[in-house]
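Student: My file is my_file_26.csv. It has CSV, C-alpha atoms and all ligand atoms:
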```csv
chain,number,residue,atom,x,y,z
X,906,MET,CA,24.9,21.0,-179.1
X,907,SER,CA,24.6,17.6,-177.4
X,908,ASP,CA,25.3,14.0,-178.6
X,909,PRO,CA,23.0,11.5,-177.1
X,910,SER,CA,25.6,8.7,-177.4
X,911,CYS,CA,28.3,10.8,-175.6
X,912,VAL,CA,29.2,9.9,-172.0
X,913,PHE,CA,30.2,13.4,-171.2
X,914,CYS,CA,27.1,14.9,-172.7
X,915,LYS,CA,25.1,12.5,-170.5
X,916,ILE,CA,27.1,13.7,-167.5
X,917,VAL,CA,26.3,17.4,-168.3
X,918,ALA,CA,22.6,16.5,-168.8
X,919,GLY,CA,22.5,14.7,-165.4
X,920,GLN,CA,21.8,11.3,-167.0
X,921,ILE,CA,25.0,9.8,-165.6
X,922,PRO,CA,26.0,10.7,-162.0
X,923,CYS,CA,29.3,12.5,-161.4
X,924,ALA,CA,31.1,14.5,-158.7
X,925,CYS,CA,30.7,18.0,-160.2
X,926,VAL,CA,33.0,20.6,-158.6
X,927,PHE,CA,32.2,23.6,-160.9
X,928,GLN,CA,29.9,24.7,-163.7
X,929,ASP,CA,28.8,27.9,-165.5
X,930,ASP,CA,27.0,28.5,-168.8
X,931,ALA,CA,29.8,27.0,-170.9
X,932,THR,CA,31.9,24.9,-168.6
X,933,PHE,CA,31.5,21.8,-166.5
X,934,ALA,CA,34.2,20.3,-164.2
X,935,PHE,CA,34.1,17.0,-162.3
X,936,LEU,CA,36.2,14.3,-160.8
X,937,ASP,CA,37.7,11.8,-163.2
X,938,ILE,CA,36.2,8.4,-162.2
X,939,ASN,CA,39.6,6.6,-162.7
X,940,PRO,CA,42.0,9.2,-161.3
X,941,LEU,CA,45.8,9.2,-161.9
X,942,ALA,CA,45.9,10.9,-158.5
X,943,GLU,CA,43.3,12.0,-156.0
X,944,GLY,CA,41.6,15.2,-157.1
X,945,HIS,CA,42.2,14.5,-160.9
X,946,LEU,CA,39.6,16.7,-162.6
X,947,LEU,CA,38.1,16.8,-166.1
X,948,VAL,CA,37.1,20.2,-167.4
X,949,ILE,CA,34.8,20.2,-170.4
X,950,PRO,CA,32.7,22.5,-172.6
X,951,LYS,CA,29.0,21.9,-171.9
X,952,ARG,CA,28.2,21.6,-175.6
X,953,HIS,CA,29.5,18.6,-177.6
X,954,ILE,CA,32.7,19.3,-179.5
X,955,GLU,CA,35.0,16.4,-180.3
X,956,ARG,CA,38.4,18.1,-180.7
X,957,LEU,CA,40.2,21.2,-179.7
X,958,GLU,CA,40.6,22.6,-183.3
X,959,GLN,CA,36.8,22.4,-183.7
X,960,MET,CA,36.2,24.8,-180.8
X,961,PRO,CA,35.4,28.4,-181.6
X,962,ALA,CA,37.8,30.8,-179.9
X,963,GLU,CA,35.2,32.2,-177.5
X,964,SER,CA,34.1,28.8,-176.4
X,965,LEU,CA,37.8,27.7,-175.8
X,966,MET,CA,38.4,30.8,-173.8
X,967,ALA,CA,35.2,30.4,-171.8
X,968,VAL,CA,36.4,26.9,-170.7
X,969,THR,CA,40.2,27.4,-170.4
X,970,ARG,CA,39.9,30.6,-168.3
X,971,HIS,CA,38.9,28.4,-165.4
X,972,LEU,CA,41.9,26.1,-165.5
X,973,PRO,CA,44.1,28.2,-163.2
X,974,MET,CA,41.4,28.5,-160.6
X,975,LEU,CA,40.6,24.8,-160.7
X,976,GLY,CA,44.3,23.8,-160.7
X,977,GLN,CA,44.8,25.9,-157.6
X,978,ALA,CA,41.8,24.4,-155.8
X,979,VAL,CA,42.9,20.9,-156.6
X,980,MET,CA,46.4,21.5,-155.3
X,981,LYS,CA,45.1,23.1,-152.1
X,982,VAL,CA,42.7,20.2,-151.4
X,983,VAL,CA,45.1,17.4,-152.0
X,984,GLY,CA,48.2,19.1,-150.6
X,985,ALA,CA,50.1,19.1,-153.9
X,986,THR,CA,52.4,21.8,-155.1
X,987,ALA,CA,52.2,21.1,-158.8
X,988,TYR,CA,49.7,20.0,-161.5
X,989,SER,CA,49.7,18.9,-165.1
X,990,ILE,CA,47.2,19.9,-167.8
X,991,LEU,CA,46.6,17.1,-170.3
X,992,GLN,CA,44.4,17.4,-173.4
X,993,ASN,CA,44.2,14.7,-176.0
X,994,ASN,CA,42.9,15.0,-179.6
X,995,GLY,CA,42.3,11.9,-181.6
X,996,ARG,CA,42.4,8.2,-180.7
X,997,GLU,CA,46.2,7.9,-181.4
X,998,SER,CA,46.8,10.6,-178.7
X,999,GLY,CA,44.9,8.6,-176.1
X,1000,GLN,CA,41.6,10.3,-176.5
X,1001,ASP,CA,39.0,7.8,-175.4
X,1002,VAL,CA,36.1,10.1,-175.0
X,1003,PRO,CA,35.4,12.2,-178.1
X,1004,HIS,CA,34.2,15.3,-176.3
X,1005,VAL,CA,36.9,17.9,-175.6
X,1006,HIS,CA,38.3,17.6,-172.1
X,1007,PHE,CA,41.2,19.0,-170.1
X,1008,HIS,CA,42.7,16.8,-167.4
X,1009,ILE,CA,43.9,18.6,-164.3
X,1010,ILE,CA,46.3,16.1,-162.6
X,1011,PRO,CA,47.9,17.0,-159.3
X,1012,ARG,CA,51.6,16.2,-159.2
X,1013,ARG,CA,54.1,15.3,-156.6
X,1014,ALA,CA,57.8,14.6,-156.6
X,1015,ALA,CA,58.5,11.1,-157.8
X,1016,ASP,CA,54.8,10.3,-158.2
X,1017,GLY,CA,55.6,7.9,-161.1
X,1018,LEU,CA,53.3,9.8,-163.5
X,1019,GLY,CA,54.5,11.3,-166.8
X,1020,TYR,CA,55.0,10.5,-170.4
X,1021,ARG,CA,57.7,8.4,-171.9
X,1022,TRP,CA,59.4,11.4,-173.3
X,1023,ASN,CA,61.4,9.7,-176.1
X,1024,ALA,CA,63.0,12.9,-177.4
X,1025,SER,CA,65.1,12.5,-180.5
X,1026,LYS,CA,67.2,14.7,-182.8
X,1027,TYR,CA,66.4,16.1,-186.3
X,1028,ALA,CA,68.5,14.6,-189.1
X,1029,PRO,CA,70.7,17.3,-190.7
X,1030,GLY,CA,68.5,19.7,-192.7
X,1031,ARG,CA,65.2,18.2,-191.6
X,1032,ALA,CA,64.4,20.9,-189.0
X,1033,GLU,CA,64.7,23.6,-191.7
X,1034,GLN,CA,62.3,21.6,-194.0
X,1035,VAL,CA,59.8,21.2,-191.2
X,1036,HIS,CA,60.1,24.8,-190.2
X,1037,GLN,CA,59.5,26.0,-193.8
X,1038,ARG,CA,56.5,23.7,-194.2
X,1039,LEU,CA,55.0,25.0,-191.0
X,1040,LEU,CA,55.5,28.6,-192.0
X,1041,ALA,CA,53.8,27.9,-195.4
X,1042,ALA,CA,50.9,26.1,-193.7
X,1043,LEU,CA,50.4,29.0,-191.3
X,1044,LYS,CA,50.7,31.7,-193.9
X,1045,ARG,CA,47.6,33.9,-193.8
C,1,LIG,P1,40.9,10.5,-172.4
C,1,LIG,O1,41.6,9.2,-172.4
C,1,LIG,O2,41.9,11.7,-172.5
C,1,LIG,O3,39.8,10.6,-173.5
C,1,LIG,O4,40.2,10.7,-171.0
C,1,LIG,C1,39.0,10.2,-170.7
C,1,LIG,C2,38.8,10.2,-169.2
C,1,LIG,O5,37.4,10.2,-168.9
C,1,LIG,C3,39.5,9.1,-168.5
C,1,LIG,O6,40.5,9.6,-167.6
C,1,LIG,C4,38.3,8.4,-167.8
C,1,LIG,O7,38.7,7.9,-166.5
C,1,LIG,C5,37.3,9.5,-167.7
C,1,LIG,N1,35.9,9.0,-167.6
C,1,LIG,C6,35.3,8.2,-168.5
C,1,LIG,N2,34.0,8.0,-168.1
C,1,LIG,C7,33.8,8.8,-167.0
C,1,LIG,C8,32.7,9.0,-166.1
C,1,LIG,N3,31.5,8.4,-166.3
C,1,LIG,N4,32.9,9.9,-165.0
C,1,LIG,C9,34.1,10.5,-164.8
C,1,LIG,N5,35.2,10.3,-165.6
C,1,LIG,C10,35.1,9.4,-166.7
C,2,ZN,ZN,29.6,15.1,-175.7
```
If you took the structure in this file and wrote it as structure tokens, what would it be?
Tutor:
Amino acid sequence: MSDPSCVFCKIVAGQIPCACVFQDDATFAFLDINPLAEGHLLVIPKRHIERLEQMPAESLMAVTRHLPMLGQAVMKVVGATAYSILQNNGRESGQDVPHVHFHIIPRRAADGLGYRWNASKYAPGRAEQVHQRLLAALKR
């Protein structure tokens, strides 16, 4: 339910201060302490779950259904017309806090944010291999 060593569990429990903007039974949303832009929010499940794939569907829906409303509020407050949702799973992805969180990051033209999007091409035949492996992995 809660991990006593987790910074976000401590925030939910009120043991670490935060600027909370929204909460309900399942969800907690607050300002990121090191924002990529003013209004940068973190939206988390109240119970401790490390990664997205460990979240039961109901819990995932209970949290993510608030993202559009929170995204709109952030845009309105900071005067942005766009926002990005970022959600990292695992250290290699950039996940520093092992408690599921969705970043809501307000965006502006030429704000300098964004990924290095080093897109590449599949070698001949490789996309078909990957496609088949995925279909096999997803077979029910
Ligand atoms: P990630 O790198 O995706 O795991 O993101 C973790 C985020 O948590 C970072 O953007 C941090 O700035 C933010 N963060 C860490 N500690 C706190 C805190 N005490 N209050 C608010 N945000 C925090
Ligand atoms: Zn936690």
Student: Using atom P1 of ligand LIG 1 (chain C) and CA of Asp937 in chain X as the two end points, give the distance in Å to one decimal.
Tutor: 9.8 Å
Student: Could you give me the residues within 12 Å of ligand LIG 1 (chain C), counting all atoms listed in the file, as an NGL selection string?
Tutor: :X and (911-917 or 919-926 or 933-942 or 944-949 or 955-956 or 990-1010)
Student: Using only C-alpha atoms and all ligand atoms, pick whichever of X:Ala918, X:Ala1014, X:Ile954, X:Val979 has the shortest atom-to-atom distance to ligand ZN 2 (chain C).
Tutor: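 Under the stated criterion, the closest residue is X:Ile954.
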Student: Could you state the separation of CA of Ala962 in chain X and CA of Asp930 in chain X in Å, given to one decimal place?
Tutor: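 These two atoms are separated by 15.7 Å.
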Student: So what do you get for CA of Arg1013 in chain X versus CA of Leu975 in chain X, distance-wise?
Tutor: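 Spanning CA of Arg1013 in chain X to CA of Leu975 in chain X is a straight-line distance of 17.0 Å.
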Student: From the set X:Ala1028, X:Glu943, X:Glu1033, X:Pro950, which residue has the shortest atom-to-atom contact distance to ligand ZN 2 (chain C), counting all atoms listed in the file?
Tutor: X:Pro950
Student: Looking at X:Met906, X:His953, X:Asp929, X:Gln977, which one is nearest to ligand ZN 2 (chain C), with distances taken over only C-alpha atoms and all ligand atoms?
Tutor: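 The shortest atom-to-atom distance to ligand ZN 2 (chain C) comes from X:His953.
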Student: Neighbouring residues of Val968 in chain X were defined as those with any atom within 7 Å, considering only C-alpha atoms; residues of the same chain fewer than 3 positions away were excluded. Please report them as a PyMOL selection string.
Tutor: chain X and resi 931-932+949-950+964-965+971
Student: Box for range 964-976 of chain X - axis-aligned, 3 Å on each of the six sides, all listed atoms - centre and size in Å to one decimal, as lines of an AutoDock Vina configuration file.
Tutor:
```
center_x = 39.2
center_y = 27.3
center_z = -168.5
size_x = 16.2
size_y = 13.0
size_z = 21.8
```
Student: Which residue, X:Phe927, X:Ser989, X:Lys951, X:Gln1037, has the smallest gap to ligand ZN 2 (chain C) when you use all atoms listed in the file?
Tutor: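 Between X:Phe927, X:Ser989, X:Lys951, X:Gln1037, the residue approaching ligand ZN 2 (chain C) most closely is X:Lys951.
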Student: For each of X:Ala985, X:Leu1018, X:Gln928, X:Arg952, take the minimum atom-to-atom distance to ligand ZN 2 (chain C), counting only C-alpha atoms and all ligand atoms, then give the residue where this is smallest.
Tutor: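 Going through X:Ala985, X:Leu1018, X:Gln928, X:Arg952 one by one, the smallest distance to ligand ZN 2 (chain C) is for X:Arg952.
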